[in-house]
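Enquirer: One file: protein15.json (JSON, C-alpha atoms and all ligand atoms).
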[["chain", "number", "residue", "atom", "x", "y", "z"],
["A", 1, "CYS", "CA", 114.74, 166.32, 91.51],
["A", 2, "CYS", "CA", 116.02, 169.31, 93.36],
["A", 3, "GLN", "CA", 115.27, 172.27, 91.10],
["A", 4, "ASP", "CA", 112.81, 173.98, 93.34],
["A", 5, "LEU", "CA", 113.39, 172.38, 96.60],
["A", 6, "ILE", "CA", 116.29, 173.43, 98.75],
["A", 7, "GLN", "CA", 115.26, 176.44, 100.67],
["A", 8, "GLU", "CA", 117.18, 179.58, 99.78],
["A", 9, "SER", "CA", 119.89, 180.20, 102.29],
["A", 10, "THR", "CA", 122.10, 183.12, 103.02],
["A", 11, "ASN", "CA", 124.83, 180.67, 103.89],
["A", 12, "THR", "CA", 127.22, 180.70, 100.96],
["A", 13, "ARG", "CA", 128.65, 177.36, 102.03],
["A", 14, "LEU", "CA", 125.55, 175.77, 100.56],
["A", 15, "ASN", "CA", 126.55, 176.86, 97.09],
["A", 16, "GLN", "CA", 129.63, 174.91, 96.18],
["A", 17, "GLY", "CA", 128.34, 172.56, 93.53],
["A", 18, "HIS", "CA", 127.25, 169.54, 95.54],
["A", 19, "PRO", "CA", 123.79, 168.59, 94.30],
["A", 20, "CYS", "CA", 122.67, 167.77, 97.82],
["A", 21, "PHE", "CA", 124.08, 170.79, 99.59],
["A", 22, "SER", "CA", 123.54, 173.41, 96.98],
["A", 23, "THR", "CA", 120.87, 175.92, 96.10],
["A", 24, "GLY", "CA", 122.15, 176.28, 92.55],
["A", 25, "ARG", "CA", 123.50, 174.30, 89.59],
["A", 26, "HIS", "CA", 121.22, 171.38, 90.42],
["A", 27, "GLN", "CA", 120.50, 170.35, 86.89],
["A", 28, "LYS", "CA", 124.13, 170.10, 85.96],
["A", 29, "ALA", "CA", 125.47, 168.46, 89.09],
["A", 30, "GLY", "CA", 125.99, 164.74, 89.33],
["A", 31, "ARG", "CA", 127.28, 162.49, 92.03],
["A", 32, "ILE", "CA", 128.60, 159.00, 92.38],
["A", 33, "HIS", "CA", 128.54, 157.08, 95.66],
["A", 34, "LEU", "CA", 131.30, 154.52, 96.06],
["A", 35, "ALA", "CA", 130.29, 151.53, 98.19],
["A", 36, "VAL", "CA", 133.65, 150.80, 99.80],
["A", 37, "ALA", "CA", 132.65, 150.78, 103.48],
["A", 38, "PRO", "CA", 130.93, 147.60, 104.69],
["A", 39, "ALA", "CA", 131.71, 147.71, 108.43],
["A", 40, "CYS", "CA", 129.76, 149.64, 111.00],
["A", 41, "ASN", "CA", 130.55, 150.50, 114.60],
["A", 42, "ILE", "CA", 127.05, 151.13, 115.93],
["A", 43, "SER", "CA", 123.69, 149.40, 115.68],
["A", 44, "CYS", "CA", 120.68, 151.49, 114.70],
["A", 45, "ASN", "CA", 117.44, 149.70, 115.45],
["A", 46, "TYR", "CA", 116.09, 150.48, 111.97],
["A", 47, "CYS", "CA", 119.11, 149.01, 110.19],
["A", 48, "VAL", "CA", 119.31, 145.65, 108.51],
["A", 49, "ARG", "CA", 123.06, 145.42, 108.54],
["A", 50, "LYS", "CA", 123.51, 143.60, 105.28],
["A", 51, "PHE", "CA", 121.74, 146.40, 103.46],
["A", 52, "ASP", "CA", 122.88, 149.93, 102.75],
["A", 53, "CYS", "CA", 123.42, 152.34, 105.58],
["A", 54, "ALA", "CA", 120.48, 154.60, 106.27],
["A", 55, "ASN", "CA", 122.95, 157.44, 106.69],
["A", 56, "GLU", "CA", 122.49, 158.32, 103.09],
["A", 57, "SER", "CA", 121.04, 155.36, 101.41],
["A", 58, "ARG", "CA", 117.87, 153.46, 100.75],
["A", 59, "PRO", "CA", 117.83, 150.23, 102.72],
["A", 60, "GLY", "CA", 116.68, 147.14, 100.91],
["A", 61, "VAL", "CA", 119.10, 146.77, 98.06],
["A", 62, "THR", "CA", 122.56, 145.47, 98.70],
["A", 63, "SER", "CA", 125.54, 147.02, 96.99],
["A", 64, "LYS", "CA", 128.56, 145.19, 95.80],
["A", 65, "VAL", "CA", 131.34, 146.31, 98.06],
["A", 66, "LEU", "CA", 134.21, 147.72, 96.04],
["A", 67, "LYS", "CA", 137.92, 147.77, 96.78],
["A", 68, "PRO", "CA", 139.54, 151.22, 96.58],
["A", 69, "GLU", "CA", 141.09, 150.46, 93.16],
["A", 70, "GLU", "CA", 137.74, 149.22, 91.84],
["A", 71, "ALA", "CA", 136.07, 152.33, 93.17],
["A", 72, "LEU", "CA", 138.61, 154.52, 91.35],
["A", 73, "GLN", "CA", 137.92, 152.53, 88.20],
["A", 74, "ARG", "CA", 134.22, 153.24, 88.62],
["A", 75, "VAL", "CA", 134.93, 156.96, 88.79],
["A", 76, "ILE", "CA", 137.13, 156.76, 85.69],
["A", 77, "GLU", "CA", 134.32, 154.96, 83.82],
["A", 78, "ALA", "CA", 131.72, 157.45, 85.02],
["A", 79, "LYS", "CA", 133.92, 160.35, 83.88],
["A", 80, "GLN", "CA", 134.18, 158.76, 80.44],
["A", 81, "SER", "CA", 130.43, 158.08, 80.21],
["A", 82, "SER", "CA", 127.73, 160.41, 78.94],
["A", 83, "MET", "CA", 127.23, 161.86, 82.42],
["A", 84, "GLY", "CA", 130.96, 162.49, 82.83],
["A", 85, "GLN", "CA", 130.73, 166.18, 82.06],
["A", 86, "TYR", "CA", 128.22, 166.65, 84.90],
["A", 87, "LEU", "CA", 129.95, 164.49, 87.46],
["A", 88, "ASN", "CA", 131.38, 166.76, 90.09],
["A", 89, "VAL", "CA", 130.83, 164.92, 93.37],
["A", 90, "VAL", "CA", 132.25, 161.66, 94.67],
["A", 91, "GLY", "CA", 130.74, 160.46, 97.92],
["A", 92, "ILE", "CA", 131.18, 157.58, 100.32],
["A", 93, "ALA", "CA", 128.00, 156.67, 102.13],
["A", 94, "GLY", "CA", 128.21, 153.03, 103.08],
["A", 95, "PRO", "CA", 126.98, 150.38, 103.07],
["A", 96, "GLY", "CA", 128.24, 150.69, 106.70],
["A", 97, "ASP", "CA", 129.93, 153.65, 108.37],
["A", 98, "PRO", "CA", 132.59, 155.18, 106.11],
["A", 99, "LEU", "CA", 134.81, 156.32, 108.99],
["A", 100, "ALA", "CA", 134.93, 152.78, 110.39],
["A", 101, "ASN", "CA", 136.55, 151.47, 107.18],
["A", 102, "PRO", "CA", 140.19, 152.15, 106.22],
["A", 103, "SER", "CA", 139.15, 151.64, 102.57],
["A", 104, "THR", "CA", 137.27, 154.91, 102.71],
["A", 105, "PHE", "CA", 140.42, 156.95, 103.22],
["A", 106, "LYS", "CA", 142.40, 155.04, 100.63],
["A", 107, "THR", "CA", 139.59, 155.52, 98.10],
["A", 108, "LEU", "CA", 139.28, 159.23, 98.76],
["A", 109, "GLU", "CA", 143.04, 159.65, 98.42],
["A", 110, "LEU", "CA", 143.04, 157.80, 95.09],
["A", 111, "VAL", "CA", 140.14, 159.84, 93.74],
["A", 112, "LYS", "CA", 141.73, 163.12, 94.87],
["A", 113, "GLU", "CA", 145.02, 162.14, 93.26],
["A", 114, "HIS", "CA", 143.40, 161.34, 89.89],
["A", 115, "PHE", "CA", 140.60, 163.90, 89.90],
["A", 116, "PRO", "CA", 141.65, 166.82, 92.11],
["A", 117, "GLU", "CA", 138.76, 168.93, 90.78],
["A", 118, "LEU", "CA", 136.02, 166.64, 92.10],
["A", 119, "ILE", "CA", 134.17, 167.48, 95.32],
["A", 120, "LEU", "CA", 134.59, 164.79, 97.96],
["A", 121, "CYS", "CA", 131.80, 164.05, 100.38],
["A", 122, "LEU", "CA", 131.16, 161.50, 103.04],
["A", 123, "SER", "CA", 128.38, 160.52, 105.41],
["A", 124, "THR", "CA", 128.82, 159.06, 108.86],
["A", 125, "ASN", "CA", 127.09, 158.24, 112.12],
["A", 126, "GLY", "CA", 129.67, 160.54, 113.69],
["A", 127, "LEU", "CA", 131.11, 158.17, 116.30],
["A", 128, "LEU", "CA", 134.65, 158.48, 114.91],
["A", 129, "LEU", "CA", 134.36, 162.00, 113.58],
["A", 130, "PRO", "CA", 136.46, 163.81, 116.22],
["A", 131, "GLU", "CA", 139.38, 161.41, 115.69],
["A", 132, "LYS", "CA", 139.10, 161.28, 111.89],
["A", 133, "ILE", "CA", 138.41, 164.91, 111.08],
["A", 134, "ASP", "CA", 142.10, 165.70, 110.52],
["A", 135, "ASP", "CA", 142.34, 162.92, 107.93],
["A", 136, "LEU", "CA", 139.25, 164.21, 106.14],
["A", 137, "VAL", "CA", 140.66, 167.73, 106.05],
["A", 138, "ARG", "CA", 144.06, 166.51, 104.86],
["A", 139, "ILE", "CA", 142.49, 164.53, 102.02],
["A", 140, "GLY", "CA", 140.26, 167.43, 101.05],
["A", 141, "VAL", "CA", 136.74, 166.28, 101.92],
["A", 142, "SER", "CA", 134.57, 169.37, 101.77],
["A", 143, "HIS", "CA", 131.03, 168.09, 102.36],
["A", 144, "LEU", "CA", 130.00, 166.02, 105.32],
["A", 145, "THR", "CA", 126.73, 164.43, 106.41],
["A", 146, "VAL", "CA", 126.29, 163.30, 110.00],
["A", 147, "THR", "CA", 123.23, 161.25, 110.92],
["A", 148, "ILE", "CA", 122.01, 162.42, 114.33],
["A", 149, "ASN", "CA", 118.63, 161.09, 115.40],
["A", 150, "ALA", "CA", 118.38, 162.50, 118.90],
["A", 151, "ILE", "CA", 120.37, 164.69, 121.27],
["A", 152, "ASP", "CA", 119.02, 163.31, 124.55],
["A", 153, "LYS", "CA", 120.32, 160.08, 125.98],
["A", 154, "ALA", "CA", 116.93, 158.51, 126.72],
["A", 155, "THR", "CA", 115.75, 158.83, 123.12],
["A", 156, "ALA", "CA", 119.12, 157.88, 121.67],
["A", 157, "SER", "CA", 119.33, 154.75, 123.80],
["A", 158, "ALA", "CA", 115.98, 153.64, 122.38],
["A", 159, "ILE", "CA", 117.28, 154.11, 118.81],
["A", 160, "TYR", "CA", 120.73, 152.51, 119.08],
["A", 161, "SER", "CA", 121.23, 148.99, 120.44],
["A", 162, "TYR", "CA", 124.95, 149.36, 121.00],
["A", 163, "ILE", "CA", 128.12, 151.11, 119.90],
["A", 164, "ARG", "CA", 131.62, 149.70, 119.46],
["A", 165, "TRP", "CA", 134.18, 152.26, 120.49],
["A", 166, "LYS", "CA", 137.87, 151.87, 121.30],
["A", 167, "GLU", "CA", 137.51, 148.09, 121.41],
["A", 168, "HIS", "CA", 134.63, 148.09, 123.88],
["A", 169, "THR", "CA", 130.93, 147.59, 123.36],
["A", 170, "TYR", "CA", 128.61, 150.01, 125.13],
["A", 171, "ILE", "CA", 124.83, 149.86, 125.47],
["A", 172, "GLY", "CA", 122.08, 152.04, 126.88],
["A", 173, "PHE", "CA", 122.88, 155.47, 128.29],
["A", 174, "ASP", "CA", 126.64, 154.84, 128.16],
["A", 175, "ALA", "CA", 126.43, 154.18, 124.43],
["A", 176, "ALA", "CA", 124.17, 157.18, 123.90],
["A", 177, "HIS", "CA", 126.46, 159.45, 125.90],
["A", 178, "ILE", "CA", 129.58, 158.60, 123.88],
["A", 179, "LEU", "CA", 127.81, 158.69, 120.54],
["A", 180, "LEU", "CA", 126.05, 162.03, 121.16],
["A", 181, "GLN", "CA", 129.18, 163.65, 122.49],
["A", 182, "ASN", "CA", 131.22, 162.55, 119.47],
["A", 183, "GLN", "CA", 128.52, 163.47, 116.95],
["A", 184, "LEU", "CA", 128.14, 167.00, 118.31],
["A", 185, "GLU", "CA", 131.87, 167.53, 118.81],
["A", 186, "GLY", "CA", 132.44, 166.18, 115.30],
["A", 187, "VAL", "CA", 129.94, 168.62, 113.78],
["A", 188, "LYS", "CA", 131.66, 171.46, 115.60],
["A", 189, "LEU", "CA", 135.16, 170.47, 114.50],
["A", 190, "ALA", "CA", 134.09, 169.88, 110.90],
["A", 191, "SER", "CA", 132.37, 173.22, 110.75],
["A", 192, "GLN", "CA", 135.40, 174.97, 112.26],
["A", 193, "GLU", "CA", 137.55, 173.33, 109.60],
["A", 194, "GLY", "CA", 135.34, 174.87, 106.94],
["A", 195, "LEU", "CA", 133.46, 171.76, 105.79],
["A", 196, "THR", "CA", 129.85, 172.14, 104.78],
["A", 197, "VAL", "CA", 127.91, 170.05, 107.27],
["A", 198, "LYS", "CA", 124.50, 168.50, 106.73],
["A", 199, "VAL", "CA", 122.72, 166.65, 109.52],
["A", 200, "ASN", "CA", 120.44, 163.78, 108.56],
["A", 201, "THR", "CA", 117.73, 162.85, 111.04],
["A", 202, "VAL", "CA", 115.55, 159.78, 110.63],
["A", 203, "VAL", "CA", 112.09, 160.81, 111.84],
["A", 204, "ILE", "CA", 110.59, 158.11, 114.07],
["A", 205, "PRO", "CA", 107.10, 159.18, 115.17],
["A", 206, "GLY", "CA", 106.46, 158.86, 118.89],
["A", 207, "LEU", "CA", 110.15, 158.43, 119.58],
["A", 208, "ASN", "CA", 112.28, 161.33, 118.36],
["A", 209, "ASP", "CA", 109.89, 163.68, 116.54],
["A", 210, "ALA", "CA", 109.12, 165.90, 119.53],
["A", 211, "GLY", "CA", 112.84, 166.48, 120.10],
["A", 212, "ILE", "CA", 113.65, 167.55, 116.56],
["A", 213, "PRO", "CA", 113.39, 171.35, 117.12],
["A", 214, "ASP", "CA", 115.86, 171.06, 120.02],
["A", 215, "LEU", "CA", 118.09, 168.88, 117.87],
["A", 216, "ALA", "CA", 118.00, 171.47, 115.08],
["A", 217, "ARG", "CA", 118.95, 174.26, 117.49],
["A", 218, "GLU", "CA", 121.79, 172.25, 119.00],
["A", 219, "VAL", "CA", 123.36, 171.20, 115.70],
["A", 220, "LYS", "CA", 123.03, 174.74, 114.38],
["A", 221, "ARG", "CA", 124.85, 175.97, 117.49],
["A", 222, "ARG", "CA", 127.61, 173.51, 116.63],
["A", 223, "GLY", "CA", 127.87, 174.86, 113.09],
["A", 224, "ALA", "CA", 125.66, 172.61, 110.93],
["A", 225, "ASP", "CA", 124.58, 174.25, 107.68],
["A", 226, "LEU", "CA", 121.62, 172.13, 106.64],
["A", 227, "LEU", "CA", 119.11, 169.64, 108.07],
["A", 228, "ASN", "CA", 117.64, 166.70, 106.20],
["A", 229, "LEU", "CA", 114.61, 165.07, 107.84],
["A", 230, "MET", "CA", 114.21, 161.57, 106.46],
["A", 231, "PRO", "CA", 111.15, 159.37, 107.07],
["A", 232, "LEU", "CA", 111.82, 156.12, 108.93],
["A", 233, "ILE", "CA", 111.78, 153.05, 106.73],
["A", 234, "PRO", "CA", 110.39, 150.49, 109.20],
["A", 235, "GLN", "CA", 112.54, 147.38, 109.31],
["A", 236, "ALA", "CA", 114.70, 145.31, 111.68],
["A", 237, "LYS", "CA", 113.82, 146.06, 115.33],
["A", 238, "PHE", "CA", 111.70, 148.98, 114.16],
["A", 239, "ALA", "CA", 109.72, 146.94, 111.62],
["A", 240, "HIS", "CA", 106.58, 147.41, 113.72],
["A", 241, "ARG", "CA", 106.84, 151.20, 113.88],
["A", 242, "VAL", "CA", 104.62, 153.43, 111.80],
["A", 243, "PRO", "CA", 106.62, 155.71, 109.50],
["A", 244, "PRO", "CA", 105.79, 159.41, 109.41],
["A", 245, "SER", "CA", 103.28, 160.54, 106.80],
["A", 246, "HIS", "CA", 104.26, 163.05, 104.16],
["A", 247, "GLU", "CA", 102.19, 165.62, 106.07],
["A", 248, "GLN", "CA", 104.01, 164.93, 109.33],
["A", 249, "ILE", "CA", 107.36, 165.46, 107.64],
["A", 250, "GLN", "CA", 106.11, 168.66, 106.01],
["A", 251, "GLU", "CA", 104.84, 169.94, 109.35],
["A", 252, "LEU", "CA", 108.16, 169.20, 111.06],
["A", 253, "ARG", "CA", 110.09, 170.89, 108.27],
["A", 254, "LYS", "CA", 107.92, 173.97, 108.67],
["A", 255, "GLN", "CA", 108.67, 173.99, 112.38],
["A", 256, "VAL", "CA", 112.43, 173.77, 112.02],
["A", 257, "ALA", "CA", 112.92, 175.77, 108.83],
["A", 258, "PRO", "CA", 113.37, 179.02, 110.79],
["A", 259, "ILE", "CA", 116.26, 177.33, 112.62],
["A", 260, "LEU", "CA", 118.17, 175.65, 109.76],
["A", 261, "PRO", "CA", 117.78, 175.41, 105.97],
["A", 262, "GLN", "CA", 115.98, 172.21, 105.05],
["A", 263, "MET", "CA", 116.93, 169.70, 102.42],
["A", 264, "THR", "CA", 113.67, 168.41, 101.02],
["A", 265, "HIS", "CA", 114.71, 166.46, 97.95],
["A", 266, "CYS", "CA", 116.82, 163.67, 99.40],
["A", 267, "GLN", "CA", 116.03, 160.45, 97.65],
["A", 268, "GLN", "CA", 117.75, 158.28, 100.26],
["A", 269, "CYS", "CA", 120.02, 157.06, 97.52],
["A", 270, "ARG", "CA", 121.75, 153.75, 97.64],
["A", 271, "ALA", "CA", 125.37, 153.59, 98.73],
["A", 272, "ASP", "CA", 126.28, 152.91, 95.12],
["A", 273, "ALA", "CA", 124.03, 155.55, 93.55],
["A", 274, "ILE", "CA", 125.18, 157.37, 90.45],
["A", 275, "GLY", "CA", 123.75, 160.15, 88.35],
["A", 276, "LEU", "CA", 122.11, 163.55, 88.62],
["A", 277, "VAL", "CA", 120.26, 164.32, 91.85],
["B", 1, "LIG", "FE1", 123.18, 150.65, 109.85],
["B", 1, "LIG", "FE2", 124.20, 152.96, 109.06],
["B", 1, "LIG", "FE3", 123.18, 152.71, 111.53],
["B", 1, "LIG", "FE4", 125.47, 151.52, 110.87],
["B", 1, "LIG", "S1", 125.09, 153.76, 111.00],
["B", 1, "LIG", "S2", 123.76, 150.60, 112.00],
["B", 1, "LIG", "S3", 125.10, 150.89, 108.74],
["B", 1, "LIG", "S4", 122.03, 152.59, 109.59],
["B", 2, "LIG", "FE1", 121.82, 163.47, 97.94],
["B", 2, "LIG", "FE2", 120.22, 162.21, 99.64],
["B", 2, "LIG", "FE3", 121.16, 160.97, 97.52],
["B", 2, "LIG", "FE4", 122.83, 161.62, 99.44],
["B", 2, "LIG", "S1", 121.14, 160.20, 99.62],
["B", 2, "LIG", "S2", 123.19, 161.87, 97.24],
["B", 2, "LIG", "S3", 121.92, 163.53, 100.19],
["B", 2, "LIG", "S4", 119.77, 162.72, 97.47]]
Could you rewrite the structure in this file as structure tokens?

Expert:
Amino acid sequence: CCQDLIQESTNTRLNQGHPCFSTGRHQKAGRIHLAVAPACNISCNYCVRKFDCANESRPGVTSKVLKPEEALQRVIEAKQSSMGQYLNVVGIAGPGDPLANPSTFKTLELVKEHFPELILCLSTNGLLLPEKIDDLVRIGVSHLTVTINAIDKATASAIYSYIRWKEHTYIGFDAAHILLQNQLEGVKLASQEGLTVKVNTVVIPGLNDAGIPDLAREVKRRGADLLNLMPLIPQAKFAHRVPPSHEQIQELRKQVAPILPQMTHCQQCRADAIGLV
């Protein structure tokens, strides 16, 4: 799906073999998402919690949550299957927030131990990124996706109902403040550590669309390599909202393309997706 789509970038970090971060090798790059992370520490108003996380995944189809050993087994089977020769990326994208689940780290360690050549990637809402970045670096995660939907507190507080952080629940501007600070600090730290960083933004017309150019500039300043604008899938508290049209997304991408390379082929894969992208 991505032959012609990622915009050419001078940033060499976008060319390290991950089908979703790369401008080359698309046809021969495969990925497997391991659904080992059921818990989440924030509440996005578009999320139906029992479904896959919208960080990287299409809501609406539940995944079977795997234990770390089962996840490793899945990688072993995938390597032995007909797509094995193309499989070069193992990612953890949900169904909740990977960083909020100890299983994530155990799984990544197991995969690294058995398949040191595979690229490890992970997607997160970013709340725990500053405190977990050292673990990700130690384990050898090289590609990171952070979902950031707004960089101003007013907009963010309309998108997130609450966050759970350090054993407290925060709502409103307090929640937005902590989340935004950690997301942006996390992007900066990850970039400084040499990870390739993609920011996912769920486009919610009338709510966060006008702020997307500012968001793009801010995350670029923090070191993000790539931006992925994803159309809202209206559900949960946002079931009544109108999703952006294809044209609206195209228009926004045109606006922000001079700021950051755009990923245009994301299929909003399920947390247990497998195959070529
Ligand atoms: Fe749902 Fe993902 Fe948001 Fe958590 S971060 S509430 S799992 S969409
Ligand atoms: Fe790639 Fe998007 Fe699928 Fe993740 S959800 S593997 S970024 S196409």

Enquirer: Using only C-alpha atoms and all ligand atoms, which residue out of A:Lys106, A:Lys198, A:Lys254, A:Lys188 lies closest to ligand LIG 2 (chain B)?

Expert: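 Ranked by minimum distance to ligand LIG 2 (chain B), first place goes to A:Lys198.
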
Enquirer: Give me the segment 151-174 of chain A side of the contact with segment 220-240 of chain A, cut-off 12 Å, one line per residue showing its nearest atom pair and distance in Å at one decimal, counting only C-alpha atoms, sorted by chain and residue number, as JSON lines.

Expert:
{"residue": "A:Ala158", "atom": "CA", "partner": "A:Phe238", "partner_atom": "CA", "distance": 10.4}
{"residue": "A:Ile159", "atom": "CA", "partner": "A:Phe238", "partner_atom": "CA", "distance": 8.9}
{"residue": "A:Tyr160", "atom": "CA", "partner": "A:Lys237", "partner_atom": "CA", "distance": 10.2}
{"residue": "A:Ser161", "atom": "CA", "partner": "A:Lys237", "partner_atom": "CA", "distance": 9.5}

Enquirer: So how far away is atom CA of Glu131 of chain A from atom CA of Arg31 of chain A, in Å?

Expert: 26.6 Å

Enquirer: At a cut-off of 12 Å around the point (131.8, 166.2, 116.2) (file coordinates), what residues fall inside when counting all atoms listed in the file? I'd like the answer as a PyMOL selection string.

Expert: chain A and resi 124-134+144-148+178-193+195+197+199+219+222-224

Enquirer: Residues at most 8 Å from Ile92 of chain A, counting all atoms listed in the file, excluding those fewer than 3 positions away in the same chain, as a PDB file with C-alpha atoms, keeping the file's coordinate frame?

Expert:
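Output contents, as saved in part-v4.pdb:
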ATOM      1  CA  HIS A  33     128.540 157.080  95.660  1.00  0.00           C
ATOM      2  CA  LEU A  34     131.300 154.520  96.060  1.00  0.00           C
ATOM      3  CA  ALA A  35     130.290 151.530  98.190  1.00  0.00           C
ATOM      4  CA  VAL A  36     133.650 150.800  99.800  1.00  0.00           C
ATOM      5  CA  ALA A  37     132.650 150.780 103.480  1.00  0.00           C
ATOM      6  CA  PRO A  98     132.590 155.180 106.110  1.00  0.00           C
ATOM      7  CA  THR A 104     137.270 154.910 102.710  1.00  0.00           C
ATOM      8  CA  CYS A 121     131.800 164.050 100.380  1.00  0.00           C
ATOM      9  CA  LEU A 122     131.160 161.500 103.040  1.00  0.00           C
ATOM     10  CA  SER A 123     128.380 160.520 105.410  1.00  0.00           C
ATOM     11  CA  ALA A 271     125.370 153.590  98.730  1.00  0.00           C
TER      12      ALA A 271
END

Enquirer: Rank nothing, just name the residue among A:Asn88, A:Ser142, A:Ser82, A:Asn200 nearest to ligand LIG 1 (chain B), using all atoms listed in the file.

Expert: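 Between A:Asn88, A:Ser142, A:Ser82, A:Asn200, the residue approaching ligand LIG 1 (chain B) most closely is A:Asn200.
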
Enquirer: Which residues, protein or nucleic acid, reach to within 10 Å of (146.5, 164.2, 103.5) in the file's coordinates when using all atoms listed in the file, and can you give that as a PyMOL selection string?

Expert: chain A and resi 105+108-109+112+134-140

Enquirer: In Å, rounded to a single decimal, give me how far atom S3 of ligand LIG 2 (chain B) is from atom CA of Gln262 of chain A.

Expert: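 About the pair atom CA of Gln262 of chain A and atom S3 of ligand LIG 2 (chain B): they are 11.6 Å apart.
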
Enquirer: Any idea what the distance is between atom CA of Phe21 of chain A and atom CA of Val242 of chain A?

Expert: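 Computing it gives 28.8 Å between the two atoms.
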
Enquirer: Smallest atom-to-atom distance to Tyr86 of chain A: which of A:Pro68, A:His18, A:Val202, A:Lys153, using all atoms listed in the file?

Expert: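 The answer is A:His18, which sits nearest to Tyr86 of chain A.
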
Enquirer: Rank A:Pro213, A:Pro116, A:Gly206, A:Pro261 by their smallest atom-to-atom distance to Val90 of chain A, using all atoms listed in the file, and report the top residue only.

Expert: A:Pro116

Enquirer: Using only C-alpha atoms and all ligand atoms, which of the listed residues (A:Pro38, A:Gly172, A:Gly211, A:Gly96) sits closest to ligand LIG 1 (chain B)?

Expert: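 Of A:Pro38, A:Gly172, A:Gly211, A:Gly96, the one nearest ligand LIG 1 (chain B) is A:Gly96, counting only C-alpha atoms and all ligand atoms.
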
Enquirer: With distances taken over all atoms listed in the file, which of A:Leu66, A:Ile151, A:Ala93, A:Ala156 is nearest to Phe173 of chain A?

Expert: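 With all atoms listed in the file as the atom set, the closest residue is A:Ala156.
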
Enquirer: Would you pick out the contacts of Ala78 of chain A at 8 Å or less, using all atoms listed in the file, so that residues sharing its chain but fewer than 5 positions from it are not included, and give the list as a ChimeraX atom specification?

Expert: /A:83-84,87

Enquirer: Could you name the residues that touch Ala39 of chain A at 10 Å or less, counting all atoms listed in the file, but leaving out those on the same chain fewer than 2 positions away, as a list of chain:residue names?

Expert: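 Here the qualifying residues turn out to be A:Val36, A:Ala37, A:Asn41, A:Ile42, A:Arg49, A:Lys50, A:Cys53, A:Gly94, A:Pro95, A:Gly96, A:Asp97, A:Pro98, A:Leu99, A:Ala100, A:Asn101, A:Pro102.
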